[in-house]
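Chemist: Structure in structure tokens, see below.
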Amino acid sequence: MARSTAMKAAGLILALLIFTFLILAVSSSNNQIQILNAERRIDLSSHIVKVFLTLKVENVGTTPASEILLAFPPSQADHLALVKAQAAIGKKKKKSYVHLDVNPTELPDAPNGTKYFSISLLDPLSLGETATLEVLYILTHSLEPFPAEISQSESQLVYFRDSALILSPYHIKQQTTFIKTPSTKVESYTRVEPTKFAGRELKYGPYEDRPPYSFSPVIVHLENNSPFAVVEELLREVEISHWGNLQITEHYKLAHAGARHKGVFSRVDYQSRPSIKGASSFKHLLASLPPRVHSVYYRDEIGNISSSHLRTDYRKSELEIEPRYPLFEGWKATFVIGYGLPLEDFLFESPDGKRYLNFSFGCPLAQTVVNKLTIKVVLPEGSKDPSAAVPFPVEQHLETKYSYLDVVGRTVLVLEKKNVVPEHITPFQVYYTFKPIFMLAEPLMLASVFFLFFMACVAYLQIDISIRK
């Protein structure tokens with residue numbers, strides 16, 4: 001009994017020693033980095049908040065540093081859609097940028113639920129060496145409408161909450177924050193001297209010699225009438241036919257995520273003065289489609305919607321769509337966009353003999369946030385071993401779809417991602433193997449359809465002849 005108690009006590013002491021060692025190791029790694037200068041620019045011109053962060057870091061420790069940590073408060077971490085980083089190499093006109101890997105990480109002594117991302121440097125920083133990093137992170141659903149309800153004639157006001165000081169695990173010698181507003185109309189803002197507001201820019205700082213995890217909350221109450229276009233769910237089905245066509249079908253559930261509309265809606269006022277009697281609403285959306293698009297349609301549950309315009313050339317295609325009614329805050333619309341593309345522009349063969357589809361991820365609609373995006377790549381019958389190469393984490397699984405006269409069904413690779421923004425529009429690849437013998441399935445299918453059509457015509461003629469007699 002005494003022996004088991006002693007063993008438990010020894011195990012507990014060992015665990016405490018390991019935990020203490022980890023804390024000391026993390027704190028020492030944080031202490032060996034300091035930020036000489038930090039400049040943060042926050043763009044509030046739309047409902048998608050973009051933050052550009054420039055950091056000049058220096059290693060003041062004795063061991064090389066191979067990573068830099070970014071810290072986010074829990075209120076922002078829950079709304080993070082994307083974090084990118086690059087290193088600036090060279091000076092002025094000869095300056096170039098190199099992409100750096102960014103991955104979420106955890107620290108055992110994170111204060112108040114702080115979330116971290118780790119930036120991997122190209123080369124470790126030795127004592128006294130410096131590096132300049134350019135960071136972009138995007139926040140969604142971070143503008144809170146206040147008041148929460150507005151009438152048709154009112155402008156939309158929103159709250160934006162952040163900190164005048166940059167949250168960081170490192171000591172910052174000098175820092176400045178700039179907030180770009182959509183207009184000059186700012187109801188109020190928190191002052192943390194020195195603070196200056198001029199035109200459409202609010203400046204906090206410069207602040208000097210701030211210790212790690214310094215935080216000074218600020219609230220900016222401003223006007224923002226940009227369209228709060230949010231696609232609650234988007235299903236994109238990409239169907240490959242080896243007969244030369246790529247068919248795209250997109251199902252949208254669109255919503256206006258701004259302050260809720262109250263009172264009645266006057267179509268007469270909206271038509272006569274849309275900039276006043278509906279300043280925060282929107283009725284047009286622009287979809288960027290690939291070049292050489294054909295057979296485009298735009299419809300909803302009622303039928304075809306004729307209020308659309310397609311512009312296409314050899315470089316790009318743009319589809320301007322207009323819902324059946326203008327979307328005010330809290331209103332929703334569902335519709336389908338479909339189009340065809342030449343397969344030769346998107347299907348290729350890899351050196352190992354596999355075929356692969358090269359297509360674009362994300363949502364074609366400009367300046368929209370997608371709460372849940374699902375992409376279903378329908379492969380030809382007989383395809384095997386599908387795999388996807390996507391430049392960011394996504395959920396993947398397989399399904400089977402039966403179409404026309406399929407025998408074994410078509411393999412469907414499903415990709416899912418939440419909180420998607422326009423910066424996620426980037427190429428991805430789907431690799432698969434294919435046995436040519438299954439290419440007989442589609443000709444047989446067509447032959448069967450024509451045969452059935454022929455038999456139906458014969459039966460119709462026989463019935464018509466019998467009636468005439």
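The way I read the labels, and the way they are meant: chains A, B, ... in the order of the structure tokens, residue 1 as the first residue of every chain, and ligand 1 as the first ligand shown, with later ones counted on from there.
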If you take only C-alpha atoms and a cut-off of 10 Å, which residues of region 148-258 of chain A touch region 64-77 of chain A, and what are their nearest atom pairs and distances in Å to one decimal, in chain and number order, as a tab-separated table?
Modeler:
residue	atom	partner	partner_atom	distance
A:Arg161	CA	A:Ser75	CA	9.3
A:Asp162	CA	A:Gln76	CA	8.5
A:Ser163	CA	A:Pro73	CA	9.8
A:Ile166	CA	A:Ala71	CA	8.8
A:Leu167	CA	A:Ala71	CA	6.0
A:Ser168	CA	A:Ala71	CA	5.3
A:Pro169	CA	A:Ala71	CA	6.8
A:Tyr170	CA	A:Leu69	CA	8.6
A:Tyr213	CA	A:Ala71	CA	8.6
A:Phe215	CA	A:Pro73	CA	9.7
Chemist: Enumerate, as a PyMOL selection string, the complete set of residues in region 40-243 of chain A that a backbone-based DSSP assignment places in strand (DSSP E or B).
Modeler: chain A and resi 40-43+49-59+65-72+80-89+96-100+102-105+115-125+130-139+143-145+149-150+157-163+171-180+186-189+195-198+201-210+217-223+229-241
Chemist: Find the residues near region 90-92 of chain A: any atom within 12 Å, counting only C-alpha atoms, skip ones fewer than 5 places away on the same chain, and give them as a ChimeraX atom specification.
Modeler: /A:97-98,131-132
Chemist: List the spatial neighbours of Tyr189 (chain A) as a list in words - criterion: any atom at most 7 Å away, only C-alpha atoms, same-chain residues fewer than 2 positions off excluded.
Modeler: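 Near Tyr189 (chain A), the qualifying residues are Arg191, Ile219, Val220 and His221 of chain A.
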Chemist: Which is closest to Leu157 (chain A) among A:Thr176, A:Ser317, A:Ser226, A:Ser214, if we use only C-alpha atoms?
Modeler: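 Closest to Leu157 (chain A) of all the choices is A:Ser226.
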Chemist: Using only C-alpha atoms, determine which residues lie at most 10 Å from Lys354 (chain A), disregarding the query and same-chain residues fewer than 3 positions distant; provide the list as a ChimeraX atom specification.
Modeler: /A:348-351,385-386,430-434
Chemist: Give the answer as one residue: which of A:Pro212, A:Pro291, A:Pro145, A:Pro194 has the shortest atom-to-atom distance to Asn225 (chain A), using only C-alpha atoms?
Modeler: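 Residue with the minimum atom-to-atom distance to Asn225 (chain A): A:Pro145.
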Chemist: Counting only C-alpha atoms, what is within 10 Å of Ala255 (chain A), bar same-chain residues fewer than 4 positions away, as an MDAnalysis selection string?
Modeler: chainID A and resid 228:233 327:334
Chemist: According to DSSP computed on the backbone, where in region 58-232 of chain A is there helix (DSSP H, G or I)? Give the residues as a list in words.
Modeler: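 Selection result, helix (DSSP H, G or I) within region 58-232 of chain A: Pro74, Ser75, Gln76, Ala77, Lys92, Lys93, Lys94, Pro111, Asn112 and Gly113 of chain A.
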Chemist: Hey, can you spit out that residue selection with N, CA, C and O atoms as a PDB file, in the first residue's frame?
Modeler:
ATOM      1  N   PRO A  74     -10.209  35.025 -28.181  1.00  0.00           N
ATOM      2  CA  PRO A  74     -11.244  34.051 -28.563  1.00  0.00           C
ATOM      3  C   PRO A  74     -12.357  34.664 -29.411  1.00  0.00           C
ATOM      4  O   PRO A  74     -12.913  33.992 -30.277  1.00  0.00           O
ATOM      5  N   SER A  75     -12.697  35.929 -29.164  1.00  0.00           N
ATOM      6  CA  SER A  75     -13.774  36.564 -29.929  1.00  0.00           C
ATOM      7  C   SER A  75     -13.427  36.685 -31.406  1.00  0.00           C
ATOM      8  O   SER A  75     -14.323  36.677 -32.260  1.00  0.00           O
ATOM      9  N   GLN A  76     -12.150  36.800 -31.743  1.00  0.00           N
ATOM     10  CA  GLN A  76     -11.737  36.856 -33.139  1.00  0.00           C
ATOM     11  C   GLN A  76     -11.429  35.475 -33.703  1.00  0.00           C
ATOM     12  O   GLN A  76     -11.684  35.211 -34.887  1.00  0.00           O
ATOM     13  N   ALA A  77     -10.893  34.600 -32.883  1.00  0.00           N
ATOM     14  CA  ALA A  77     -10.518  33.267 -33.363  1.00  0.00           C
ATOM     15  C   ALA A  77     -11.728  32.513 -33.903  1.00  0.00           C
ATOM     16  O   ALA A  77     -11.607  31.741 -34.867  1.00  0.00           O
ATOM     17  N   LYS A  92      13.135  47.951 -51.144  1.00  0.00           N
ATOM     18  CA  LYS A  92      12.500  48.885 -52.060  1.00  0.00           C
ATOM     19  C   LYS A  92      12.149  48.221 -53.392  1.00  0.00           C
ATOM     20  O   LYS A  92      11.388  47.273 -53.433  1.00  0.00           O
ATOM     21  N   LYS A  93      12.742  48.706 -54.509  1.00  0.00           N
ATOM     22  CA  LYS A  93      12.353  48.210 -55.823  1.00  0.00           C
ATOM     23  C   LYS A  93      12.714  46.746 -56.036  1.00  0.00           C
ATOM     24  O   LYS A  93      12.082  46.050 -56.837  1.00  0.00           O
ATOM     25  N   LYS A  94      13.703  46.248 -55.335  1.00  0.00           N
ATOM     26  CA  LYS A  94      14.112  44.856 -55.502  1.00  0.00           C
ATOM     27  C   LYS A  94      13.433  43.929 -54.497  1.00  0.00           C
ATOM     28  O   LYS A  94      13.812  42.761 -54.397  1.00  0.00           O
ATOM     29  N   PRO A 111      -3.109  32.718 -22.033  1.00  0.00           N
ATOM     30  CA  PRO A 111      -3.969  33.470 -21.114  1.00  0.00           C
ATOM     31  C   PRO A 111      -5.340  33.749 -21.717  1.00  0.00           C
ATOM     32  O   PRO A 111      -5.465  34.101 -22.891  1.00  0.00           O
ATOM     33  N   ASN A 112      -6.379  33.553 -20.909  1.00  0.00           N
ATOM     34  CA  ASN A 112      -7.762  33.914 -21.274  1.00  0.00           C
ATOM     35  C   ASN A 112      -8.216  33.298 -22.596  1.00  0.00           C
ATOM     36  O   ASN A 112      -8.904  33.939 -23.391  1.00  0.00           O
ATOM     37  N   GLY A 113      -7.813  32.064 -22.846  1.00  0.00           N
ATOM     38  CA  GLY A 113      -8.272  31.370 -24.041  1.00  0.00           C
ATOM     39  C   GLY A 113      -7.688  31.877 -25.341  1.00  0.00           C
ATOM     40  O   GLY A 113      -8.295  31.722 -26.413  1.00  0.00           O
TER      41      GLY A 113
END
Chemist: Could you jot down the CA of Pro427 (chain A) to CA of Asp300 (chain A) separation for me, Å, one decimal place?
Modeler: 28.3 Å
Chemist: Which residue is closest to Ala257 (chain A)? Choose from A:Arg41, A:Lys203, A:Arg410, A:His47 and count only C-alpha atoms.
Modeler: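 Ranked by minimum distance to Ala257 (chain A), first place goes to A:His47.
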Chemist: I want to know what sits within 12 Å of Pro393 (chain A), based on only C-alpha atoms, with residues of the same chain fewer than 5 positions away left out; could you give that as an MDAnalysis selection string?
Modeler: chainID A and resid 81:82 102:104 388 415:420 424 428
Chemist: Emit the selected residues as a compact mmCIF listing (two decimals), in the first residue's frame, including N, CA, C and O atoms.
Modeler:
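Written file, part.txt:
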# COMPACT_ATOMS: atom_id res chain seq x y z
N ALA A 81 -11.42 33.38 -40.92
CA ALA A 81 -11.66 32.60 -42.13
C ALA A 81 -10.37 32.19 -42.80
O ALA A 81 -10.29 31.13 -43.44
N LEU A 82 -9.33 33.03 -42.66
CA LEU A 82 -8.09 32.77 -43.39
C LEU A 82 -6.94 33.52 -42.73
O LEU A 82 -7.12 34.64 -42.25
N VAL A 102 1.57 28.66 -42.48
CA VAL A 102 0.90 29.11 -41.25
C VAL A 102 0.00 27.98 -40.77
O VAL A 102 -0.83 27.48 -41.54
N ASN A 103 0.16 27.59 -39.51
CA ASN A 103 -0.62 26.49 -38.96
C ASN A 103 -1.08 26.83 -37.55
O ASN A 103 -0.35 27.49 -36.79
N PRO A 104 -2.29 26.41 -37.17
CA PRO A 104 -2.74 26.63 -35.79
C PRO A 104 -1.90 25.82 -34.81
O PRO A 104 -1.43 24.72 -35.13
N ALA A 388 -8.05 14.32 -53.57
CA ALA A 388 -8.09 15.75 -53.82
C ALA A 388 -6.85 16.42 -53.25
O ALA A 388 -6.34 16.03 -52.19
N LEU A 415 -16.18 17.53 -51.02
CA LEU A 415 -15.32 18.43 -50.24
C LEU A 415 -16.20 19.42 -49.51
O LEU A 415 -17.10 20.02 -50.11
N GLU A 416 -15.95 19.60 -48.22
CA GLU A 416 -16.75 20.51 -47.41
C GLU A 416 -15.85 21.46 -46.64
O GLU A 416 -14.82 21.05 -46.11
N LYS A 417 -16.28 22.73 -46.57
CA LYS A 417 -15.54 23.73 -45.81
C LYS A 417 -16.51 24.80 -45.32
O LYS A 417 -17.43 25.18 -46.04
N LYS A 418 -16.27 25.28 -44.11
CA LYS A 418 -17.10 26.34 -43.53
C LYS A 418 -16.33 27.66 -43.55
O LYS A 418 -15.11 27.69 -43.59
N ASN A 419 -17.10 28.74 -43.50
CA ASN A 419 -16.52 30.09 -43.41
C ASN A 419 -15.59 30.39 -44.59
O ASN A 419 -14.39 30.65 -44.41
N VAL A 420 -16.16 30.37 -45.78
CA VAL A 420 -15.39 30.56 -47.01
C VAL A 420 -15.52 32.01 -47.48
O VAL A 420 -16.63 32.57 -47.49
N HIS A 424 -10.48 32.37 -50.79
CA HIS A 424 -10.38 30.91 -50.93
C HIS A 424 -10.54 30.46 -52.38
O HIS A 424 -10.42 29.26 -52.67
N PHE A 428 -7.81 23.81 -57.26
CA PHE A 428 -7.60 22.54 -56.57
C PHE A 428 -7.68 21.43 -57.60
O PHE A 428 -8.21 21.62 -58.71
Chemist: So which one's closest to Tyr159 (chain A), A:Lys115, A:Arg40, A:Lys173, A:His141? Using only C-alpha atoms, please.
Modeler: A:His141
Chemist: Just to confirm, what's the straight-line distance from CA of Thr177 (chain A) to CA of Gly205 (chain A) in Å (one decimal)?
Modeler: 6.5 Å
Chemist: So which one's closest to Ser241 (chain A), A:Phe361, A:Asn371, A:Leu343, A:Leu80? Using only C-alpha atoms, please.
Modeler: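 Of A:Phe361, A:Asn371, A:Leu343, A:Leu80, the one nearest Ser241 (chain A), counting only C-alpha atoms, is A:Leu343.
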Chemist: Please indicate the distance in Å from CA of Glu423 (chain A) to CA of Ala85 (chain A), rounded to one decimal place.
Modeler: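 Computed distance, CA of Glu423 (chain A) to CA of Ala85 (chain A), equals 13.3 Å.
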Chemist: Given the choices A:Phe359, A:Tyr137, A:Tyr339, A:Tyr402, which gets closest to Pro380 (chain A) if the distance is worked out from only C-alpha atoms?
Modeler: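 Ranked by minimum distance to Pro380 (chain A), first place goes to A:Tyr402.
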